[in-house]
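Listing of input30.pdb, PDB, C-alpha atoms
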MODEL        1
ATOM      1  CA  MET A   1     -32.812   2.777  22.733  1.00  0.00           C
ATOM      2  CA  LYS A   2     -30.200   5.187  21.495  1.00  0.00           C
ATOM      3  CA  ILE A   3     -28.702   4.904  18.032  1.00  0.00           C
ATOM      4  CA  ALA A   4     -25.718   7.105  17.170  1.00  0.00           C
ATOM      5  CA  SER A   5     -25.129   8.287  13.645  1.00  0.00           C
ATOM      6  CA  TYR A   6     -22.181   7.270  11.441  1.00  0.00           C
ATOM      7  CA  ILE A   7     -19.985  10.341  12.068  1.00  0.00           C
ATOM      8  CA  GLY A   8     -22.044  12.542   9.823  1.00  0.00           C
ATOM      9  CA  LEU A   9     -22.474   9.934   7.091  1.00  0.00           C
ATOM     10  CA  LEU A  10     -25.857   8.860   8.347  1.00  0.00           C
ATOM     11  CA  SER A  11     -26.848  11.930  10.365  1.00  0.00           C
ATOM     12  CA  LYS A  12     -30.180  13.697  10.042  1.00  0.00           C
ATOM     13  CA  ARG A  13     -31.916  10.456   9.035  1.00  0.00           C
ATOM     14  CA  LYS A  14     -34.910   8.715  10.573  1.00  0.00           C
ATOM     15  CA  TYR A  15     -34.119   5.376  12.190  1.00  0.00           C
ATOM     16  CA  SER A  16     -36.405   2.399  12.545  1.00  0.00           C
ATOM     17  CA  MET A  17     -35.866  -0.900  14.360  1.00  0.00           C
ATOM     18  CA  THR A  18     -36.894  -4.258  12.975  1.00  0.00           C
ATOM     19  CA  ARG A  19     -36.843  -7.826  14.234  1.00  0.00           C
ATOM     20  CA  LYS A  20     -37.151  -9.117  10.703  1.00  0.00           C
ATOM     21  CA  PHE A  21     -33.899 -10.204   9.101  1.00  0.00           C
ATOM     22  CA  PRO A  22     -33.405  -8.136   5.907  1.00  0.00           C
ATOM     23  CA  LEU A  23     -33.560 -10.469   2.921  1.00  0.00           C
ATOM     24  CA  SER A  24     -30.987  -8.421   1.059  1.00  0.00           C
ATOM     25  CA  LEU A  25     -28.384  -9.564   3.602  1.00  0.00           C
ATOM     26  CA  SER A  26     -28.296 -12.859   1.765  1.00  0.00           C
ATOM     27  CA  LEU A  27     -26.636 -10.907  -1.043  1.00  0.00           C
ATOM     28  CA  LEU A  28     -23.572 -10.716   1.198  1.00  0.00           C
ATOM     29  CA  PHE A  29     -22.995 -14.316   1.074  1.00  0.00           C
ATOM     30  CA  LEU A  30     -22.988 -13.460  -1.372  1.00  0.00           C
ATOM     31  CA  ILE A  31     -18.874 -11.725  -0.491  1.00  0.00           C
ATOM     32  CA  VAL A  32     -17.072 -13.197  -5.977  1.00  0.00           C
ATOM     33  CA  CYS A  33     -15.556 -15.233 -10.473  1.00  0.00           C
ATOM     34  CA  SER A  34     -17.270 -14.719 -13.841  1.00  0.00           C
ATOM     35  CA  GLN A  35     -20.695 -13.629 -15.045  1.00  0.00           C
ATOM     36  CA  ALA A  36     -23.577 -15.829 -13.950  1.00  0.00           C
ATOM     37  CA  SER A  37     -25.085 -18.111 -16.535  1.00  0.00           C
ATOM     38  CA  ALA A  38     -28.015 -20.472 -16.694  1.00  0.00           C
ATOM     39  CA  ASN A  39     -25.625 -23.419 -16.270  1.00  0.00           C
ATOM     40  CA  ASP A  40     -23.954 -22.214 -13.067  1.00  0.00           C
ATOM     41  CA  GLY A  41     -26.039 -24.367 -10.764  1.00  0.00           C
ATOM     42  CA  ALA A  42     -25.700 -27.512 -12.843  1.00  0.00           C
ATOM     43  CA  SER A  43     -21.930 -27.179 -13.329  1.00  0.00           C
ATOM     44  CA  LEU A  44     -21.269 -26.591  -9.634  1.00  0.00           C
ATOM     45  CA  GLU A  45     -23.417 -29.420  -8.299  1.00  0.00           C
ATOM     46  CA  ASP A  46     -20.620 -31.932  -9.007  1.00  0.00           C
ATOM     47  CA  LEU A  47     -18.602 -30.240  -6.274  1.00  0.00           C
ATOM     48  CA  PHE A  48     -21.030 -31.498  -3.641  1.00  0.00           C
ATOM     49  CA  LEU A  49     -20.530 -35.196  -4.425  1.00  0.00           C
ATOM     50  CA  LYS A  50     -17.579 -35.676  -2.063  1.00  0.00           C
ATOM     51  CA  GLN A  51     -16.839 -34.067   1.298  1.00  0.00           C
ATOM     52  CA  ALA A  52     -13.531 -32.338   1.950  1.00  0.00           C
ATOM     53  CA  GLN A  53     -10.866 -34.350   3.760  1.00  0.00           C
ATOM     54  CA  PRO A  54      -8.816 -32.925   6.682  1.00  0.00           C
ATOM     55  CA  ASN A  55      -5.586 -32.989   4.673  1.00  0.00           C
ATOM     56  CA  GLN A  56      -7.252 -31.051   1.838  1.00  0.00           C
ATOM     57  CA  LEU A  57      -8.519 -28.364   4.219  1.00  0.00           C
ATOM     58  CA  GLN A  58      -5.099 -28.079   5.846  1.00  0.00           C
ATOM     59  CA  SER A  59      -3.433 -27.690   2.460  1.00  0.00           C
ATOM     60  CA  LEU A  60      -5.936 -25.014   1.469  1.00  0.00           C
ATOM     61  CA  SER A  61      -5.465 -23.208   4.769  1.00  0.00           C
ATOM     62  CA  ASN A  62      -1.704 -23.094   4.184  1.00  0.00           C
ATOM     63  CA  GLN A  63      -2.243 -21.718   0.673  1.00  0.00           C
ATOM     64  CA  LEU A  64      -4.501 -18.836   1.692  1.00  0.00           C
ATOM     65  CA  HIS A  65      -3.055 -15.411   2.485  1.00  0.00           C
ATOM     66  CA  VAL A  66      -4.951 -14.309   5.583  1.00  0.00           C
ATOM     67  CA  GLU A  67      -5.314 -10.585   6.311  1.00  0.00           C
ATOM     68  CA  LYS A  68      -7.066  -8.771   9.146  1.00  0.00           C
ATOM     69  CA  THR A  69      -8.141  -5.930   6.849  1.00  0.00           C
ATOM     70  CA  THR A  70      -9.474  -6.316   3.307  1.00  0.00           C
ATOM     71  CA  LYS A  71     -11.319  -3.882   1.064  1.00  0.00           C
ATOM     72  CA  GLY A  72     -12.152  -3.771  -2.600  1.00  0.00           C
ATOM     73  CA  ASP A  73     -14.828  -3.721  -5.278  1.00  0.00           C
ATOM     74  CA  PHE A  74     -17.544  -6.245  -6.008  1.00  0.00           C
ATOM     75  CA  THR A  75     -19.788  -7.016  -8.942  1.00  0.00           C
ATOM     76  CA  GLN A  76     -22.835  -9.156  -8.293  1.00  0.00           C
ATOM     77  CA  TYR A  77     -24.746 -11.111 -10.924  1.00  0.00           C
ATOM     78  CA  ARG A  78     -28.074 -12.498  -9.808  1.00  0.00           C
ATOM     79  CA  LYS A  79     -29.630 -14.990 -12.217  1.00  0.00           C
ATOM     80  CA  LEU A  80     -33.347 -15.618 -11.746  1.00  0.00           C
ATOM     81  CA  LYS A  81     -35.163 -18.358 -13.623  1.00  0.00           C
ATOM     82  CA  VAL A  82     -37.909 -15.931 -14.613  1.00  0.00           C
ATOM     83  CA  LEU A  83     -35.457 -13.505 -16.253  1.00  0.00           C
ATOM     84  CA  LYS A  84     -33.325 -13.987 -19.367  1.00  0.00           C
ATOM     85  CA  LYS A  85     -30.509 -11.697 -18.203  1.00  0.00           C
ATOM     86  CA  PRO A  86     -28.879 -11.460 -14.770  1.00  0.00           C
ATOM     87  CA  LEU A  87     -29.496  -8.519 -12.454  1.00  0.00           C
ATOM     88  CA  ILE A  88     -26.184  -6.730 -12.011  1.00  0.00           C
ATOM     89  CA  SER A  89     -25.121  -4.544  -9.106  1.00  0.00           C
ATOM     90  CA  LYS A  90     -21.754  -3.051  -8.186  1.00  0.00           C
ATOM     91  CA  GLY A  91     -20.176  -1.530  -5.136  1.00  0.00           C
ATOM     92  CA  LYS A  92     -17.449  -1.691  -2.519  1.00  0.00           C
ATOM     93  CA  PHE A  93     -16.867  -3.732   0.604  1.00  0.00           C
ATOM     94  CA  ILE A  94     -14.786  -3.066   3.697  1.00  0.00           C
ATOM     95  CA  PHE A  95     -13.725  -5.761   6.155  1.00  0.00           C
ATOM     96  CA  LYS A  96     -11.803  -5.295   9.389  1.00  0.00           C
ATOM     97  CA  GLN A  97     -11.582  -8.323  11.618  1.00  0.00           C
ATOM     98  CA  ASP A  98     -12.077  -6.490  14.922  1.00  0.00           C
ATOM     99  CA  LEU A  99     -14.839  -4.197  13.626  1.00  0.00           C
ATOM    100  CA  GLY A 100     -17.033  -5.993  11.097  1.00  0.00           C
ATOM    101  CA  ILE A 101     -18.076  -5.792   7.468  1.00  0.00           C
ATOM    102  CA  ALA A 102     -19.478  -2.913   5.411  1.00  0.00           C
ATOM    103  CA  TRP A 103     -21.196  -3.881   2.142  1.00  0.00           C
ATOM    104  CA  LEU A 104     -21.794  -0.731   0.094  1.00  0.00           C
ATOM    105  CA  GLN A 105     -23.813  -1.093  -3.108  1.00  0.00           C
ATOM    106  CA  LEU A 106     -23.337   1.870  -5.457  1.00  0.00           C
ATOM    107  CA  THR A 107     -25.269   0.868  -8.595  1.00  0.00           C
ATOM    108  CA  PRO A 108     -28.006   0.601  -9.801  1.00  0.00           C
ATOM    109  CA  PHE A 109     -28.920   2.388  -6.543  1.00  0.00           C
ATOM    110  CA  GLN A 110     -27.149   3.023  -3.271  1.00  0.00           C
ATOM    111  CA  THR A 111     -27.702   0.789  -0.258  1.00  0.00           C
ATOM    112  CA  SER A 112     -25.490  -0.358   2.592  1.00  0.00           C
ATOM    113  CA  ILE A 113     -25.365  -3.221   5.054  1.00  0.00           C
ATOM    114  CA  ILE A 114     -23.077  -3.147   8.083  1.00  0.00           C
ATOM    115  CA  LEU A 115     -22.460  -6.268  10.167  1.00  0.00           C
ATOM    116  CA  MET A 116     -20.811  -5.531  13.488  1.00  0.00           C
ATOM    117  CA  GLN A 117     -20.895  -6.680  17.110  1.00  0.00           C
ATOM    118  CA  GLY A 118     -23.779  -9.064  16.556  1.00  0.00           C
ATOM    119  CA  ASN A 119     -25.918  -6.355  14.943  1.00  0.00           C
ATOM    120  CA  ILE A 120     -27.036  -5.773  11.355  1.00  0.00           C
ATOM    121  CA  ILE A 121     -27.515  -2.184  10.170  1.00  0.00           C
ATOM    122  CA  GLN A 122     -29.187  -1.703   6.796  1.00  0.00           C
ATOM    123  CA  LYS A 123     -29.636   1.572   4.929  1.00  0.00           C
ATOM    124  CA  ASP A 124     -31.940   1.477   1.891  1.00  0.00           C
ATOM    125  CA  SER A 125     -31.966   3.663  -1.224  1.00  0.00           C
ATOM    126  CA  GLN A 126     -34.363   6.104   0.474  1.00  0.00           C
ATOM    127  CA  GLY A 127     -31.979   6.701   3.352  1.00  0.00           C
ATOM    128  CA  GLN A 128     -34.088   4.770   5.865  1.00  0.00           C
ATOM    129  CA  ILE A 129     -32.086   2.723   8.370  1.00  0.00           C
ATOM    130  CA  ARG A 130     -33.145  -0.529   9.982  1.00  0.00           C
ATOM    131  CA  VAL A 131     -31.270  -2.267  12.779  1.00  0.00           C
ATOM    132  CA  THR A 132     -31.529  -5.906  13.766  1.00  0.00           C
ATOM    133  CA  THR A 133     -30.137  -6.435  17.259  1.00  0.00           C
ATOM    134  CA  ALA A 134     -28.785  -9.570  18.882  1.00  0.00           C
ATOM    135  CA  ASP A 135     -31.951 -10.069  20.932  1.00  0.00           C
ATOM    136  CA  GLN A 136     -32.009 -13.593  22.361  1.00  0.00           C
ATOM    137  CA  THR A 137     -35.777 -13.732  21.937  1.00  0.00           C
ATOM    138  CA  SER A 138     -35.713 -12.655  18.319  1.00  0.00           C
ATOM    139  CA  LYS A 139     -36.143 -15.094  15.447  1.00  0.00           C
ATOM    140  CA  ALA A 140     -33.413 -13.139  13.688  1.00  0.00           C
ATOM    141  CA  ASN A 141     -30.969 -13.976  16.477  1.00  0.00           C
ATOM    142  CA  VAL A 142     -29.348 -16.830  14.575  1.00  0.00           C
ATOM    143  CA  PHE A 143     -28.490 -14.414  11.773  1.00  0.00           C
ATOM    144  CA  SER A 144     -27.433 -11.388  13.817  1.00  0.00           C
ATOM    145  CA  GLN A 145     -25.249 -13.541  16.069  1.00  0.00           C
ATOM    146  CA  GLU A 146     -23.829 -16.087  13.658  1.00  0.00           C
ATOM    147  CA  MET A 147     -23.602 -14.397  10.254  1.00  0.00           C
ATOM    148  CA  PRO A 148     -20.911 -11.865  11.233  1.00  0.00           C
ATOM    149  CA  LYS A 149     -18.854 -14.776  12.595  1.00  0.00           C
ATOM    150  CA  LEU A 150     -19.360 -16.734   9.396  1.00  0.00           C
ATOM    151  CA  MET A 151     -18.426 -13.770   7.212  1.00  0.00           C
ATOM    152  CA  ASN A 152     -15.331 -13.274   9.330  1.00  0.00           C
ATOM    153  CA  ALA A 153     -14.378 -16.895   8.731  1.00  0.00           C
ATOM    154  CA  LEU A 154     -15.064 -16.627   4.998  1.00  0.00           C
ATOM    155  CA  LEU A 155     -12.918 -13.541   4.500  1.00  0.00           C
ATOM    156  CA  THR A 156     -10.038 -14.662   6.722  1.00  0.00           C
ATOM    157  CA  GLY A 157     -10.025 -18.213   5.392  1.00  0.00           C
ATOM    158  CA  ASN A 158     -10.587 -19.639   8.872  1.00  0.00           C
ATOM    159  CA  LEU A 159     -11.433 -23.152   7.704  1.00  0.00           C
ATOM    160  CA  GLN A 160     -11.594 -24.496  11.239  1.00  0.00           C
ATOM    161  CA  GLN A 161     -14.448 -22.111  12.006  1.00  0.00           C
ATOM    162  CA  LEU A 162     -16.140 -22.906   8.696  1.00  0.00           C
ATOM    163  CA  ASN A 163     -15.954 -26.612   9.448  1.00  0.00           C
ATOM    164  CA  LYS A 164     -17.964 -26.016  12.631  1.00  0.00           C
ATOM    165  CA  GLN A 165     -20.724 -24.196  10.756  1.00  0.00           C
ATOM    166  CA  PHE A 166     -20.814 -25.957   7.391  1.00  0.00           C
ATOM    167  CA  LYS A 167     -20.470 -29.302   5.709  1.00  0.00           C
ATOM    168  CA  LEU A 168     -17.489 -28.701   3.421  1.00  0.00           C
ATOM    169  CA  PHE A 169     -16.726 -30.041  -0.057  1.00  0.00           C
ATOM    170  CA  TYR A 170     -13.434 -29.490  -1.879  1.00  0.00           C
ATOM    171  CA  LYS A 171     -12.324 -29.608  -5.500  1.00  0.00           C
ATOM    172  CA  PRO A 172      -8.797 -28.643  -6.647  1.00  0.00           C
ATOM    173  CA  ALA A 173      -8.194 -27.090 -10.062  1.00  0.00           C
ATOM    174  CA  ALA A 174      -5.240 -26.150 -12.251  1.00  0.00           C
ATOM    175  CA  GLN A 175      -2.609 -23.597 -11.164  1.00  0.00           C
ATOM    176  CA  GLN A 176      -3.503 -23.786  -7.466  1.00  0.00           C
ATOM    177  CA  GLN A 177      -7.096 -22.740  -8.104  1.00  0.00           C
ATOM    178  CA  TRP A 178      -9.717 -24.375  -5.917  1.00  0.00           C
ATOM    179  CA  GLN A 179     -13.429 -24.574  -5.164  1.00  0.00           C
ATOM    180  CA  LEU A 180     -14.930 -25.040  -1.718  1.00  0.00           C
ATOM    181  CA  GLY A 181     -18.578 -26.012  -1.361  1.00  0.00           C
ATOM    182  CA  LEU A 182     -20.505 -25.167   1.804  1.00  0.00           C
ATOM    183  CA  ILE A 183     -23.832 -26.458   3.096  1.00  0.00           C
ATOM    184  CA  PRO A 184     -24.941 -24.765   6.361  1.00  0.00           C
ATOM    185  CA  LEU A 185     -25.464 -27.085   9.316  1.00  0.00           C
ATOM    186  CA  ASP A 186     -27.921 -24.673  10.926  1.00  0.00           C
ATOM    187  CA  GLN A 187     -31.401 -25.333   9.564  1.00  0.00           C
ATOM    188  CA  ASN A 188     -32.474 -21.675   9.646  1.00  0.00           C
ATOM    189  CA  ILE A 189     -29.434 -20.546   7.683  1.00  0.00           C
ATOM    190  CA  ARG A 190     -29.845 -23.462   5.260  1.00  0.00           C
ATOM    191  CA  LYS A 191     -33.377 -22.314   4.436  1.00  0.00           C
ATOM    192  CA  ALA A 192     -32.047 -18.909   3.358  1.00  0.00           C
ATOM    193  CA  ILE A 193     -28.809 -20.136   1.757  1.00  0.00           C
ATOM    194  CA  PRO A 194     -28.939 -23.860   0.840  1.00  0.00           C
ATOM    195  CA  LYS A 195     -25.504 -24.030  -0.808  1.00  0.00           C
ATOM    196  CA  MET A 196     -22.494 -21.796  -1.373  1.00  0.00           C
ATOM    197  CA  VAL A 197     -19.368 -22.182  -3.488  1.00  0.00           C
ATOM    198  CA  LEU A 198     -16.156 -20.277  -2.797  1.00  0.00           C
ATOM    199  CA  SER A 199     -13.441 -20.100  -5.455  1.00  0.00           C
ATOM    200  CA  GLY A 200      -9.976 -18.635  -5.457  1.00  0.00           C
ATOM    201  CA  LYS A 201      -6.235 -19.142  -5.259  1.00  0.00           C
ATOM    202  CA  HIS A 202      -4.437 -17.294  -2.456  1.00  0.00           C
ATOM    203  CA  HIS A 203      -7.564 -15.284  -1.643  1.00  0.00           C
ATOM    204  CA  ILE A 204     -11.290 -15.852  -2.018  1.00  0.00           C
ATOM    205  CA  ASP A 205     -12.023 -14.589  -5.516  1.00  0.00           C
ATOM    206  CA  SER A 206     -15.676 -15.534  -5.914  1.00  0.00           C
ATOM    207  CA  LEU A 207     -18.775 -16.613  -4.080  1.00  0.00           C
ATOM    208  CA  VAL A 208     -21.761 -18.334  -5.678  1.00  0.00           C
ATOM    209  CA  LEU A 209     -25.081 -18.917  -3.927  1.00  0.00           C
ATOM    210  CA  LEU A 210     -27.246 -21.765  -5.163  1.00  0.00           C
ATOM    211  CA  ASN A 211     -30.941 -21.738  -4.301  1.00  0.00           C
ATOM    212  CA  ASN A 212     -33.208 -24.767  -4.399  1.00  0.00           C
ATOM    213  CA  ASN A 213     -35.446 -23.082  -7.001  1.00  0.00           C
ATOM    214  CA  GLY A 214     -32.602 -22.839  -9.523  1.00  0.00           C
ATOM    215  CA  ASP A 215     -31.743 -19.174  -8.960  1.00  0.00           C
ATOM    216  CA  THR A 216     -28.052 -18.334  -8.589  1.00  0.00           C
ATOM    217  CA  THR A 217     -26.101 -15.354  -7.310  1.00  0.00           C
ATOM    218  CA  ARG A 218     -22.462 -14.877  -8.263  1.00  0.00           C
ATOM    219  CA  ILE A 219     -20.229 -12.193  -6.777  1.00  0.00           C
ATOM    220  CA  GLU A 220     -16.805 -11.170  -8.057  1.00  0.00           C
ATOM    221  CA  PHE A 221     -14.195  -9.400  -5.958  1.00  0.00           C
ATOM    222  CA  ASP A 222     -11.716  -7.053  -7.623  1.00  0.00           C
ATOM    223  CA  ASN A 223      -9.073  -4.448  -6.690  1.00  0.00           C
ATOM    224  CA  LEU A 224      -8.471  -6.054  -3.307  1.00  0.00           C
ATOM    225  CA  SER A 225      -6.307  -4.127  -0.867  1.00  0.00           C
ATOM    226  CA  ASN A 226      -5.010  -4.755   2.638  1.00  0.00           C
ATOM    227  CA  GLN A 227      -4.108  -1.136   3.343  1.00  0.00           C
ATOM    228  CA  SER A 228      -5.256   0.526   6.555  1.00  0.00           C
ATOM    229  CA  LEU A 229      -8.764   1.956   6.497  1.00  0.00           C
ATOM    230  CA  THR A 230      -9.236   5.661   5.952  1.00  0.00           C
ATOM    231  CA  THR A 231     -11.122   7.874   8.391  1.00  0.00           C
ATOM    232  CA  LYS A 232     -14.142   7.795   6.080  1.00  0.00           C
ATOM    233  CA  GLU A 233     -14.060   4.001   5.874  1.00  0.00           C
ATOM    234  CA  LEU A 234     -13.766   3.647   9.652  1.00  0.00           C
ATOM    235  CA  ALA A 235     -16.757   5.955  10.047  1.00  0.00           C
ATOM    236  CA  TYR A 236     -19.087   3.258   8.701  1.00  0.00           C
ATOM    237  CA  PHE A 237     -18.430   1.262  11.881  1.00  0.00           C
ATOM    238  CA  ASN A 238     -19.014   4.193  14.266  1.00  0.00           C
ATOM    239  CA  PHE A 239     -22.539   3.076  14.932  1.00  0.00           C
ATOM    240  CA  GLU A 240     -23.807   2.299  18.437  1.00  0.00           C
ATOM    241  CA  VAL A 241     -26.909   0.443  19.530  1.00  0.00           C
ATOM    242  CA  ASN A 242     -27.696   0.865  23.223  1.00  0.00           C
TER     243      ASN A 242
ENDMDL
END
Whole structure, structure tokens version:
Amino acid sequence: MKIASYIGLLSKRKYSMTRKFPLSLSLLFLIVCSQASANDGASLEDLFLKQAQPNQLQSLSNQLHVEKTTKGDFTQYRKLKVLKKPLISKGKFIFKQDLGIAWLQLTPFQTSIILMQGNIIQKDSQGQIRVTTADQTSKANVFSQEMPKLMNALLTGNLQQLNKQFKLFYKPAAQQQWQLGLIPLDQNIRKAIPKMVLSGKHHIDSLVLLNNNGDTTRIEFDNLSNQSLTTKELAYFNFEVN
């Protein structure tokens, strides 16, 4: 198996392959509102009392501004029941519909996750790289095959695709704000991510993950841009798995 480097960005590193889906990927669905609090889970549960109706989804689809390229900053607040304060991390993300998604954490330490062409490439804080391939015999196949598609649908507002993968719940708010609840239909995905809540107006502004144990993860998006990717940004996707 040959693995090319990211145009110098990831050169001179040791590569390792894994069939185990990296748990930190769940932080992607982790791709946005306000700081997490102990009441996040309880306040959002009301959203899941009534499923979204077709006319509501159509109205939301018309409201969203869909772009093929999106990049910006993120701040993630992870609230664990065993901790009094949330764990906070910050970074940048890059999305291009025909290439994939790059999730680049900058603080408190640098890591990256690239989802592209059915593969998941993860670089940890030590510079070690792990690749999960779309192997049909792998238990991680459901993630490596489906998660990039789901993230594509989330970031482009493709509600028709979301409706095939999730049970959807909708709640309108003032000034064209909205909340969309998602429960994965796939059992394997549901075990990792039981419930998600998207919030926004013309774009997806926030994503909250609700775990069955009471932990929550909230991610905020900021400084969004639809400008063309730079050469450096495109280099993150110059990664081949043969």
Q.
Please compute the atom CA of Lys71 of chain A-atom CA of Arg218 of chain A distance, one decimal, in Å.
A.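 The value is 18.2 Å.
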Q) Any chance you could work out the residue set of the PyMOL selection byres ((chain A and resi 96-103) around 10) here, as an NGL selection string? A) :A and (25 or 27-28 or 31 or 67-71 or 73-74 or 91-95 or 104-106 or 111-122 or 148-149 or 151-153 or 155-156 or 226 or 228-229 or 233-234 or 236-238)
Export C-alpha atoms of the chosen residues as a CSV table (one decimal), keeping the file's coordinate frame?
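Produced file selection14.csv, reproduced below:
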chain,number,residue,atom,x,y,z
A,25,LEU,CA,-28.4,-9.6,3.6
A,27,LEU,CA,-26.6,-10.9,-1.0
A,28,LEU,CA,-23.6,-10.7,1.2
A,31,ILE,CA,-18.9,-11.7,-0.5
A,67,GLU,CA,-5.3,-10.6,6.3
A,68,LYS,CA,-7.1,-8.8,9.1
A,69,THR,CA,-8.1,-5.9,6.8
A,70,THR,CA,-9.5,-6.3,3.3
A,71,LYS,CA,-11.3,-3.9,1.1
A,73,ASP,CA,-14.8,-3.7,-5.3
A,74,PHE,CA,-17.5,-6.2,-6.0
A,91,GLY,CA,-20.2,-1.5,-5.1
A,92,LYS,CA,-17.4,-1.7,-2.5
A,93,PHE,CA,-16.9,-3.7,0.6
A,94,ILE,CA,-14.8,-3.1,3.7
A,95,PHE,CA,-13.7,-5.8,6.2
A,104,LEU,CA,-21.8,-0.7,0.1
A,105,GLN,CA,-23.8,-1.1,-3.1
A,106,LEU,CA,-23.3,1.9,-5.5
A,111,THR,CA,-27.7,0.8,-0.3
A,112,SER,CA,-25.5,-0.4,2.6
A,113,ILE,CA,-25.4,-3.2,5.1
A,114,ILE,CA,-23.1,-3.1,8.1
A,115,LEU,CA,-22.5,-6.3,10.2
A,116,MET,CA,-20.8,-5.5,13.5
A,117,GLN,CA,-20.9,-6.7,17.1
A,118,GLY,CA,-23.8,-9.1,16.6
A,119,ASN,CA,-25.9,-6.4,14.9
A,120,ILE,CA,-27.0,-5.8,11.4
A,121,ILE,CA,-27.5,-2.2,10.2
A,122,GLN,CA,-29.2,-1.7,6.8
A,148,PRO,CA,-20.9,-11.9,11.2
A,149,LYS,CA,-18.9,-14.8,12.6
A,151,MET,CA,-18.4,-13.8,7.2
A,152,ASN,CA,-15.3,-13.3,9.3
A,153,ALA,CA,-14.4,-16.9,8.7
A,155,LEU,CA,-12.9,-13.5,4.5
A,156,THR,CA,-10.0,-14.7,6.7
A,226,ASN,CA,-5.0,-4.8,2.6
A,228,SER,CA,-5.3,0.5,6.6
A,229,LEU,CA,-8.8,2.0,6.5
A,233,GLU,CA,-14.1,4.0,5.9
A,234,LEU,CA,-13.8,3.6,9.7
A,236,TYR,CA,-19.1,3.3,8.7
A,237,PHE,CA,-18.4,1.3,11.9
A,238,ASN,CA,-19.0,4.2,14.3
Q.
Here is a test: counting all atoms listed in the file, which residue of A:Leu185, A:Leu49, A:Val208, A:Leu224 is nearest to Leu162 of chain A?
A. A:Leu185
Q: Please check which residues have atoms at most 12 Å from (-32.1, -24.7, -6.7) in the file's coordinates, counting only C-alpha atoms, and write them as a ChimeraX atom specification.
A: /A:38-42,44-45,79-81,191-196,209-217
Could you tell me which residues the PyMOL selection byres ((chain A and resi 168) around 7) returns for this structure, as a CSV table (one decimal) with C-alpha atoms, in the frame of the given file?
chain,number,residue,atom,x,y,z
A,51,GLN,CA,-16.8,-34.1,1.3
A,52,ALA,CA,-13.5,-32.3,2.0
A,163,ASN,CA,-16.0,-26.6,9.4
A,166,PHE,CA,-20.8,-26.0,7.4
A,167,LYS,CA,-20.5,-29.3,5.7
A,169,PHE,CA,-16.7,-30.0,-0.1
A,170,TYR,CA,-13.4,-29.5,-1.9
A,180,LEU,CA,-14.9,-25.0,-1.7
A,181,GLY,CA,-18.6,-26.0,-1.4
A,182,LEU,CA,-20.5,-25.2,1.8
A,183,ILE,CA,-23.8,-26.5,3.1
Q) Do you have the atom CA of Ile88 of chain A-atom CA of Thr75 of chain A distance handy? A)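 Separating atom CA of Ile88 of chain A from atom CA of Thr75 of chain A is a distance of 7.1 Å.
The neighbours of Leu198 of chain A here are the residues that come within 6 Å of it, using only C-alpha atoms and leaving out any residue fewer than 2 positions away in the same chain; they are Gln179, Leu180, Ser206 and Leu207 of chain A.
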